[in-house]
$ cat work-v3.txt   # compact mmCIF, C-alpha atoms
# COMPACT_ATOMS: atom_id res chain seq x y z
CA MET A 18 -28.53 43.38 -50.94
CA ARG A 19 -26.89 42.21 -54.13
CA PHE A 20 -24.72 39.19 -54.88
CA ASP A 21 -22.91 38.96 -58.19
CA VAL A 22 -21.86 35.38 -58.95
CA ILE A 23 -18.97 34.63 -61.28
CA THR A 24 -19.57 31.13 -62.62
CA LEU A 25 -19.01 29.05 -65.73
CA PHE A 26 -22.26 27.20 -65.03
CA SER A 27 -25.04 29.74 -64.54
CA GLU A 28 -27.62 27.12 -65.49
CA LEU A 29 -27.03 25.45 -62.12
CA PHE A 30 -28.45 28.51 -60.34
CA GLU A 31 -31.61 28.98 -62.38
CA PRO A 32 -33.75 26.24 -60.73
CA PHE A 33 -32.30 27.12 -57.33
CA LEU A 34 -33.38 30.77 -57.61
CA LYS A 35 -36.90 29.81 -58.73
CA SER A 36 -37.66 26.96 -56.31
CA GLY A 37 -38.51 26.61 -52.64
CA ILE A 38 -39.68 29.13 -50.11
CA ASN A 39 -36.47 31.17 -50.36
CA ARG A 40 -37.40 32.21 -53.89
CA ARG A 41 -39.45 34.97 -52.22
CA ALA A 42 -36.21 36.67 -51.25
CA PHE A 43 -34.80 36.34 -54.77
CA GLU A 44 -37.97 37.34 -56.61
CA SER A 45 -38.51 40.39 -54.39
CA LYS A 46 -34.81 41.26 -54.76
CA GLN A 47 -34.33 41.41 -51.02
CA VAL A 48 -31.44 39.20 -52.05
CA GLU A 49 -30.67 40.16 -55.63
CA VAL A 50 -28.55 37.67 -57.55
CA ARG A 51 -26.85 38.38 -60.86
CA LEU A 52 -24.90 35.74 -62.77
CA TRP A 53 -21.76 36.46 -64.77
CA ASN A 54 -19.85 34.04 -66.99
CA PRO A 55 -16.11 34.75 -67.28
CA ARG A 56 -16.14 33.08 -70.70
CA ASP A 57 -17.99 36.17 -71.98
CA PHE A 58 -14.86 38.16 -71.16
CA ALA A 59 -12.30 35.76 -72.64
CA GLU A 60 -10.45 36.34 -75.89
CA GLY A 61 -10.18 34.27 -79.06
CA ASN A 62 -12.61 32.14 -81.01
CA TYR A 63 -12.79 29.54 -78.26
CA ARG A 64 -13.26 31.99 -75.38
CA ARG A 65 -10.73 30.06 -73.35
CA VAL A 66 -10.81 30.53 -69.58
CA ASP A 67 -8.33 27.87 -68.44
CA ASP A 68 -4.86 26.58 -69.27
CA ARG A 69 -2.25 24.07 -68.08
CA PRO A 70 -0.47 24.89 -64.81
CA PHE A 71 3.10 26.15 -64.85
CA GLY A 72 5.42 23.61 -63.30
CA GLY A 73 3.33 20.71 -64.52
CA GLY A 74 0.70 18.70 -62.74
CA PRO A 75 -2.77 17.35 -63.49
CA GLY A 76 -5.80 19.33 -64.56
CA MET A 77 -6.29 22.88 -65.71
CA VAL A 78 -6.23 26.23 -63.92
CA MET A 79 -8.64 29.12 -64.46
CA MET A 80 -6.84 32.10 -66.00
CA ALA A 81 -6.62 35.44 -64.19
CA GLU A 82 -7.42 37.73 -67.13
CA PRO A 83 -11.00 36.59 -67.94
CA LEU A 84 -11.84 36.69 -64.24
CA TRP A 85 -10.35 40.18 -63.91
CA ARG A 86 -12.32 41.50 -66.88
CA CYS A 87 -15.50 39.94 -65.54
CA LEU A 88 -14.89 41.55 -62.15
CA GLN A 89 -14.30 44.94 -63.77
CA ALA A 90 -17.63 44.64 -65.61
CA ILE A 91 -19.34 43.86 -62.31
CA ARG A 92 -17.72 46.86 -60.64
CA ALA A 93 -18.94 49.11 -63.45
CA ASP A 94 -22.45 47.66 -63.25
CA ARG A 95 -22.64 48.08 -59.48
CA ALA A 96 -21.33 51.67 -59.83
CA GLU A 97 -19.93 51.63 -56.31
CA PRO A 98 -17.51 54.18 -54.90
CA ASP A 99 -14.03 52.76 -54.33
CA GLN A 100 -14.23 53.13 -50.57
CA SER A 101 -17.36 50.96 -50.26
CA ARG A 102 -16.91 48.34 -52.92
CA ALA A 103 -18.49 44.93 -52.33
CA PRO A 104 -15.98 42.34 -51.12
CA VAL A 105 -14.86 39.58 -53.46
CA VAL A 106 -15.42 36.13 -51.98
CA LEU A 107 -13.81 32.94 -53.27
CA PHE A 108 -15.12 29.52 -52.25
CA SER A 109 -12.08 27.46 -51.31
CA PRO A 110 -11.11 24.57 -48.99
CA ILE A 111 -8.68 26.90 -47.20
CA GLY A 112 -11.39 29.45 -46.37
CA GLN A 113 -13.23 30.22 -43.15
CA ARG A 114 -16.00 27.72 -42.55
CA LEU A 115 -19.52 28.98 -43.26
CA ASP A 116 -21.68 28.99 -40.13
CA HIS A 117 -24.85 30.59 -38.82
CA ALA A 118 -23.06 33.62 -37.41
CA MET A 119 -21.47 34.31 -40.79
CA ALA A 120 -24.80 33.97 -42.59
CA THR A 121 -26.40 36.37 -40.14
CA GLY A 122 -23.58 38.84 -40.72
CA TRP A 123 -24.22 38.80 -44.46
CA THR A 124 -27.86 39.83 -43.87
CA ARG A 125 -26.55 43.15 -42.56
CA SER A 126 -24.31 43.74 -45.57
CA GLU A 127 -24.72 45.14 -49.07
CA GLY A 128 -23.75 41.78 -50.56
CA ALA A 129 -20.62 40.58 -52.34
CA VAL A 130 -19.07 39.28 -55.52
CA LEU A 131 -18.97 35.47 -55.28
CA VAL A 132 -16.30 33.67 -57.32
CA CYS A 133 -16.98 30.02 -58.14
CA GLY A 134 -13.77 28.27 -59.09
CA ARG A 135 -13.52 25.17 -61.26
CA TYR A 136 -10.95 22.62 -62.43
CA GLU A 137 -7.77 22.52 -60.32
CA GLY A 138 -8.32 26.05 -59.06
CA ILE A 139 -7.72 29.69 -59.95
CA ASP A 140 -4.49 31.47 -60.86
CA GLN A 141 -3.12 32.58 -57.48
CA ARG A 142 -2.32 36.02 -58.88
CA PHE A 143 -6.03 36.79 -59.26
CA ILE A 144 -6.62 35.63 -55.69
CA ASP A 145 -3.78 37.77 -54.35
CA ALA A 146 -4.87 40.86 -56.29
CA CYS A 147 -8.64 40.69 -56.06
CA VAL A 148 -10.04 38.31 -53.43
CA ASP A 149 -10.93 39.77 -50.04
CA ARG A 150 -12.25 36.68 -48.31
CA GLN A 151 -12.33 32.91 -48.75
CA ILE A 152 -15.16 30.68 -47.49
CA SER A 153 -15.39 26.89 -47.13
CA LEU A 154 -18.28 24.52 -46.43
CA GLY A 155 -16.04 22.07 -44.61
CA ASP A 156 -13.10 19.73 -44.86
CA PHE A 157 -13.90 18.27 -48.26
CA VAL A 158 -13.46 19.27 -51.89
CA LEU A 159 -16.24 20.01 -54.38
CA SER A 160 -16.02 20.07 -58.18
CA GLY A 161 -16.63 23.81 -58.12
CA GLY A 162 -17.81 26.72 -56.01
CA GLU A 163 -21.41 26.74 -57.24
CA ILE A 164 -22.81 24.48 -54.52
CA ALA A 165 -21.01 26.52 -51.86
CA ALA A 166 -22.35 29.76 -53.36
CA MET A 167 -25.91 28.40 -53.29
CA ALA A 168 -25.43 27.31 -49.68
CA LEU A 169 -24.41 30.85 -48.73
CA LEU A 170 -27.27 32.43 -50.68
CA ASP A 171 -29.79 30.01 -49.18
CA SER A 172 -28.59 30.54 -45.61
CA VAL A 173 -28.83 34.32 -46.06
CA ALA A 174 -32.15 34.39 -47.95
CA ARG A 175 -34.08 32.42 -45.32
CA LEU A 176 -33.12 34.99 -42.67
CA MET A 177 -34.63 37.92 -44.56
CA PRO A 178 -37.93 39.40 -43.25
CA GLY A 179 -41.05 37.84 -44.76
CA VAL A 180 -39.31 34.94 -46.47
CA LEU A 181 -40.34 32.18 -44.08
CA GLY A 182 -44.05 31.71 -43.43
CA ASP A 183 -43.54 32.18 -39.68
CA GLU A 184 -41.23 35.03 -38.68
CA GLY A 185 -40.14 33.00 -35.65
CA SER A 186 -39.14 29.91 -37.61
CA HIS A 187 -35.46 30.67 -37.95
CA GLN A 188 -35.27 31.70 -34.30
CA GLN A 189 -35.55 28.00 -33.42
CA ASP A 190 -32.87 26.86 -35.85
CA SER A 191 -29.81 25.06 -34.61
CA PHE A 192 -26.91 27.44 -33.84
CA ASN A 193 -29.28 30.42 -33.48
CA PRO A 194 -28.58 32.84 -30.60
CA ALA A 195 -32.20 32.32 -29.50
CA LEU A 196 -31.14 28.76 -28.64
CA ASP A 197 -27.86 29.97 -27.17
CA GLY A 198 -26.05 28.44 -30.13
CA LEU A 199 -27.20 24.90 -29.28
CA LEU A 200 -28.75 22.30 -31.57
CA ASP A 201 -32.49 22.41 -32.13
CA SER A 202 -34.78 19.91 -30.41
CA PRO A 203 -36.64 17.18 -32.36
CA HIS A 204 -40.02 17.98 -33.93
CA HIS A 205 -43.23 15.94 -34.18
CA THR A 206 -46.51 16.27 -36.06
CA ARG A 207 -49.69 14.26 -36.74
CA PRO A 208 -50.64 11.47 -36.26
CA GLU A 209 -50.24 11.22 -32.51
CA VAL A 210 -49.22 7.58 -32.92
CA TRP A 211 -47.31 6.55 -36.02
CA GLN A 212 -47.29 2.88 -36.93
CA GLY A 213 -43.58 2.63 -37.61
CA PRO A 214 -41.59 -0.33 -38.91
CA ASN A 215 -41.02 -1.62 -35.36
CA GLY A 216 -44.46 -0.92 -33.97
CA PRO A 217 -46.44 2.10 -32.73
CA MET A 218 -44.44 5.25 -32.01
CA PRO A 219 -46.34 7.91 -30.00
CA VAL A 220 -45.58 11.60 -29.79
CA PRO A 221 -43.97 12.48 -26.41
CA GLU A 222 -46.84 13.02 -24.01
CA VAL A 223 -45.57 16.38 -22.75
CA LEU A 224 -46.14 17.90 -26.21
CA LEU A 225 -49.84 17.01 -26.10
CA GLY A 226 -50.71 18.58 -22.75
CA GLY A 227 -50.77 22.23 -23.75
CA HIS A 228 -48.62 23.27 -20.78
CA HIS A 229 -46.33 25.84 -22.39
CA GLU A 230 -43.75 26.03 -19.61
CA ARG A 231 -43.36 22.24 -19.48
CA ILE A 232 -43.11 22.07 -23.26
CA ALA A 233 -40.47 24.80 -23.30
CA ARG A 234 -38.47 23.01 -20.59
CA TYR A 235 -38.79 19.68 -22.40
CA ARG A 236 -37.52 21.19 -25.64
CA ARG A 237 -34.67 22.90 -23.83
CA GLU A 238 -33.60 19.61 -22.28
CA GLN A 239 -33.83 17.86 -25.64
CA SER A 240 -31.65 20.58 -27.12
CA LEU A 241 -29.13 20.27 -24.29
CA GLY A 242 -29.01 16.50 -24.53
CA LEU A 243 -28.56 16.40 -28.29
CA THR A 244 -25.88 19.06 -28.17
CA ALA A 245 -24.01 17.24 -25.41
CA GLU A 246 -24.13 14.04 -27.46
CA ARG A 247 -23.45 15.37 -30.97
CA ARG A 248 -21.68 18.74 -30.56
CA PRO A 249 -20.12 19.08 -27.10
CA ASP A 250 -18.02 21.95 -28.43
CA LEU A 251 -21.15 24.06 -28.82
CA LEU A 252 -22.24 23.17 -25.30
CA GLU A 253 -18.87 24.23 -23.93
CA GLN A 254 -19.12 27.56 -25.78
CA ALA A 255 -22.55 28.16 -24.24
CA ARG A 256 -21.19 27.25 -20.81
CA GLN A 257 -18.25 29.62 -21.09
CA ALA A 258 -20.56 32.41 -22.28
CA GLY A 259 -22.72 31.96 -19.19
CA LYS A 260 -25.80 30.92 -21.18
CA LEU A 261 -26.64 27.80 -19.17
CA SER A 262 -29.08 28.24 -16.31
CA ARG A 263 -28.95 26.31 -13.05
CA ALA A 264 -31.72 24.08 -14.37
CA ASP A 265 -29.68 23.46 -17.53
CA GLN A 266 -26.60 22.50 -15.53
CA ALA A 267 -28.62 20.27 -13.21
CA PHE A 268 -30.06 18.46 -16.23
CA LEU A 269 -26.60 17.94 -17.72
CA ILE A 270 -25.32 16.47 -14.44
CA SER A 271 -28.23 14.02 -14.30
CA PRO A 272 -29.89 13.96 -17.73
CA LYS A 273 -33.27 12.40 -18.28
CA LYS A 274 -33.66 9.81 -20.97
CA LEU A 275 -34.16 11.51 -24.33
$ encode --input "work-v3.txt" --output "structure tokens"
Amino acid sequence: MRFDVITLFSELFEPFLKSGINRRAFESKQVEVRLWNPRDFAEGNYRRVDDRPFGGGPGMVMMAEPLWRCLQAIRADRAEPDQSRAPVVLFSPIGQRLDHAMATGWTRSEGAVLVCGRYEGIDQRFIDACVDRQISLGDFVLSGGEIAAMALLDSVARLMPGVLGDEGSHQQDSFNPALDGLLDSPHHTRPEVWQGPNGPMPVPEVLLGGHHERIARYRREQSLGLTAERRPDLLEQARQAGKLSRADQAFLISPKKL
């Protein structure tokens, strides 16, 4: 799987690709990442990649031509047949919101060309001619697409085989189908009693007993309760999909104290 990233700030990616547990995916090239600067494909002594917007207005707009030339260089380097070319993805507030299902879908792909915009945006003509898909992190605006690109790469890399220390780790993530798309339950570790700022705070007793069925039920109820409180939309989706057992529904009718 290969992702080619078009960015004016490749230095932002260098520590990201070399740090954390997900670097295993990048170093092994399970998720290969190549960085391309559109300034290298701009003309003139100043290698200009942006200009004032037609019609007036604040800020600058990234020009179509340097981006187009950069994309053509990527196409030549990937040497893909026209019928199976990698999609071009632009990170934009108007795009589809990145979620777990989308990240999982990318793990079954050959990758993409990721375009990181800057300034006031990108010349719409490049978007109309070249962009296949737009992705957003949410209802807010970032200074550029680099953070969004790293979020996508990170969410994909951690799902690749052998990247996480425990192959089952991501199966317990929030939104994972293994949890029926619900939020994950809370986690605890040593010591058994933590002397917190308001006094001693013990680990829930059920987690210390070694009874696997009770622990599994406790975690399920924690997951149900948190999802009902924080993301009722996810709970409703699970309900409509028939993923809630009778025990789940009974708990939701009369929940225990979390």
$ closest_residue --input "work-v3.txt" --among "A:Val22, A:Leu269, A:Ile139, A:Ala264" --to "Leu243 (chain A)" --atoms "only C-alpha atoms"
A:Leu269
$ atom_distance --input "work-v3.txt" --atom1 "CA of Thr24 (chain A)" --atom2 "CA of Arg51 (chain A)"
10.4 Å
$ closest_residue --input "work-v3.txt" --among "A:Ile23, A:Ala93, A:Val66, A:Leu224" --to "Leu107 (chain A)" --atoms "only C-alpha atoms"
A:Ile23
$ residues_around --input "work-v3.txt" --residues "Ser101 (chain A)" --least-positions-apart "2" --cutoff "12 Å" --atoms "all atoms listed in the file" --output "list of chain:residue names"
A:Arg92, A:Arg95, A:Ala96, A:Glu97, A:Pro98, A:Asp99, A:Ala103, A:Pro104, A:Ser126, A:Glu127, A:Gly128, A:Ala129
$ closest_residue --input "work-v3.txt" --among "A:Ala258, A:Ala267, A:Leu199, A:Ile144" --to "Glu246 (chain A)" --atoms "only C-alpha atoms"
A:Leu199
$ atom_distance --input "work-v3.txt" --atom1 "CA of Ile152 (chain A)" --atom2 "CA of Asn54 (chain A)"
20.3 Å
$ closest_residue --input "work-v3.txt" --among "A:Trp53, A:Phe71, A:Phe26, A:Phe58" --to "Gly161 (chain A)" --atoms "only C-alpha atoms"
A:Phe26
$ closest_residue --input "work-v3.txt" --among "A:Arg135, A:His205, A:Arg64, A:Arg234" --to "Val158 (chain A)" --atoms "only C-alpha atoms"
A:Arg135
$ atom_distance --input "work-v3.txt" --atom1 "CA of Ile164 (chain A)" --atom2 "CA of Gly198 (chain A)"
24.9 Å
$ closest_residue --input "work-v3.txt" --among "A:Leu251, A:Arg256, A:Val148, A:Leu261" --to "Arg237 (chain A)" --atoms "all atoms listed in the file"
A:Leu261
$ residues_around --input "work-v3.txt" --residues "region 34-44 of chain A" --least-positions-apart "6" --cutoff "12 Å" --atoms "all atoms listed in the file" --output "PDB file with C-alpha atoms, in the frame of the given file"
ATOM      1  CA  MET A  18     -28.530  43.380 -50.940  1.00  0.00           C
ATOM      2  CA  ARG A  19     -26.890  42.210 -54.130  1.00  0.00           C
ATOM      3  CA  PHE A  20     -24.720  39.190 -54.880  1.00  0.00           C
ATOM      4  CA  SER A  27     -25.040  29.740 -64.540  1.00  0.00           C
ATOM      5  CA  GLU A  28     -27.620  27.120 -65.490  1.00  0.00           C
ATOM      6  CA  VAL A  50     -28.550  37.670 -57.550  1.00  0.00           C
ATOM      7  CA  ARG A  51     -26.850  38.380 -60.860  1.00  0.00           C
ATOM      8  CA  LEU A  52     -24.900  35.740 -62.770  1.00  0.00           C
ATOM      9  CA  THR A 124     -27.860  39.830 -43.870  1.00  0.00           C
ATOM     10  CA  ALA A 166     -22.350  29.760 -53.360  1.00  0.00           C
ATOM     11  CA  MET A 167     -25.910  28.400 -53.290  1.00  0.00           C
ATOM     12  CA  ALA A 168     -25.430  27.310 -49.680  1.00  0.00           C
ATOM     13  CA  LEU A 170     -27.270  32.430 -50.680  1.00  0.00           C
ATOM     14  CA  ASP A 171     -29.790  30.010 -49.180  1.00  0.00           C
ATOM     15  CA  SER A 172     -28.590  30.540 -45.610  1.00  0.00           C
ATOM     16  CA  VAL A 173     -28.830  34.320 -46.060  1.00  0.00           C
ATOM     17  CA  ALA A 174     -32.150  34.390 -47.950  1.00  0.00           C
ATOM     18  CA  ARG A 175     -34.080  32.420 -45.320  1.00  0.00           C
ATOM     19  CA  LEU A 176     -33.120  34.990 -42.670  1.00  0.00           C
ATOM     20  CA  MET A 177     -34.630  37.920 -44.560  1.00  0.00           C
ATOM     21  CA  PRO A 178     -37.930  39.400 -43.250  1.00  0.00           C
ATOM     22  CA  GLY A 179     -41.050  37.840 -44.760  1.00  0.00           C
ATOM     23  CA  VAL A 180     -39.310  34.940 -46.470  1.00  0.00           C
ATOM     24  CA  LEU A 181     -40.340  32.180 -44.080  1.00  0.00           C
ATOM     25  CA  GLY A 182     -44.050  31.710 -43.430  1.00  0.00           C
ATOM     26  CA  ASP A 183     -43.540  32.180 -39.680  1.00  0.00           C
TER      27      ASP A 183
END
$ residues_around --input "work-v3.txt" --residues "Arg236 (chain A)" --least-positions-apart "3" --cutoff "12 Å" --atoms "only C-alpha atoms" --output "list in words"
Gln189, Leu196, Leu199, Leu200, Asp201, Ser202, Pro203, His204, His205, Pro221, Val223, Leu224, His229, Glu230, Arg231, Ile232, Ala233, Gln239, Ser240, Leu241, Gly242, Leu243, Asp265 and Leu275 of chain A
$ decode --input "work-v3.txt" --residues "region 101-148 of chain A" --atoms "C-alpha atoms" --output "PDB file, in the first residue's frame"
ATOM      1  CA  SER A 101      -6.424   1.313 -11.823  1.00  0.00           C
ATOM      2  CA  ARG A 102      -4.863   4.609 -10.891  1.00  0.00           C
ATOM      3  CA  ALA A 103      -4.742   5.537  -7.204  1.00  0.00           C
ATOM      4  CA  PRO A 104      -7.489   7.977  -6.221  1.00  0.00           C
ATOM      5  CA  VAL A 105      -6.602  11.587  -5.463  1.00  0.00           C
ATOM      6  CA  VAL A 106      -7.808  12.666  -2.023  1.00  0.00           C
ATOM      7  CA  LEU A 107      -8.093  16.269  -0.867  1.00  0.00           C
ATOM      8  CA  PHE A 108      -8.486  17.137   2.810  1.00  0.00           C
ATOM      9  CA  SER A 109     -11.269  19.702   3.001  1.00  0.00           C
ATOM     10  CA  PRO A 110     -14.004  20.873   5.425  1.00  0.00           C
ATOM     11  CA  ILE A 111     -16.627  19.869   2.849  1.00  0.00           C
ATOM     12  CA  GLY A 112     -15.385  16.272   2.650  1.00  0.00           C
ATOM     13  CA  GLN A 113     -16.760  13.043   4.097  1.00  0.00           C
ATOM     14  CA  ARG A 114     -15.839  12.708   7.750  1.00  0.00           C
ATOM     15  CA  LEU A 115     -13.029  10.257   8.513  1.00  0.00           C
ATOM     16  CA  ASP A 116     -14.213   7.376  10.681  1.00  0.00           C
ATOM     17  CA  HIS A 117     -13.179   3.858  11.628  1.00  0.00           C
ATOM     18  CA  ALA A 118     -15.052   2.250   8.748  1.00  0.00           C
ATOM     19  CA  MET A 119     -13.250   4.491   6.264  1.00  0.00           C
ATOM     20  CA  ALA A 120      -9.858   3.727   7.811  1.00  0.00           C
ATOM     21  CA  THR A 121     -10.591   0.011   7.622  1.00  0.00           C
ATOM     22  CA  GLY A 122     -11.548   0.386   3.974  1.00  0.00           C
ATOM     23  CA  TRP A 123      -8.206   1.989   3.175  1.00  0.00           C
ATOM     24  CA  THR A 124      -6.383  -1.063   4.592  1.00  0.00           C
ATOM     25  CA  ARG A 125      -7.852  -3.080   1.719  1.00  0.00           C
ATOM     26  CA  SER A 126      -6.743  -0.586  -0.925  1.00  0.00           C
ATOM     27  CA  GLU A 127      -3.575   0.113  -2.874  1.00  0.00           C
ATOM     28  CA  GLY A 128      -3.338   3.567  -1.303  1.00  0.00           C
ATOM     29  CA  ALA A 129      -3.923   7.051  -2.682  1.00  0.00           C
ATOM     30  CA  VAL A 130      -2.468  10.422  -3.540  1.00  0.00           C
ATOM     31  CA  LEU A 131      -3.135  12.751  -0.595  1.00  0.00           C
ATOM     32  CA  VAL A 132      -3.308  16.483  -1.332  1.00  0.00           C
ATOM     33  CA  CYS A 133      -2.642  18.816   1.596  1.00  0.00           C
ATOM     34  CA  GLY A 134      -4.003  22.270   0.860  1.00  0.00           C
ATOM     35  CA  ARG A 135      -2.757  25.492   2.427  1.00  0.00           C
ATOM     36  CA  TYR A 136      -3.648  29.182   2.593  1.00  0.00           C
ATOM     37  CA  GLU A 137      -7.241  29.986   1.572  1.00  0.00           C
ATOM     38  CA  GLY A 138      -7.528  26.791  -0.446  1.00  0.00           C
ATOM     39  CA  ILE A 139      -6.794  25.305  -3.860  1.00  0.00           C
ATOM     40  CA  ASP A 140      -7.823  26.523  -7.305  1.00  0.00           C
ATOM     41  CA  GLN A 141     -11.207  24.853  -7.856  1.00  0.00           C
ATOM     42  CA  ARG A 142     -10.206  23.884 -11.387  1.00  0.00           C
ATOM     43  CA  PHE A 143      -7.594  21.455 -10.038  1.00  0.00           C
ATOM     44  CA  ILE A 144     -10.195  19.980  -7.696  1.00  0.00           C
ATOM     45  CA  ASP A 145     -12.734  19.574 -10.495  1.00  0.00           C
ATOM     46  CA  ALA A 146     -10.212  18.011 -12.878  1.00  0.00           C
ATOM     47  CA  CYS A 147      -8.147  15.829 -10.585  1.00  0.00           C
ATOM     48  CA  VAL A 148      -9.652  15.153  -7.145  1.00  0.00           C
TER      49      VAL A 148
END
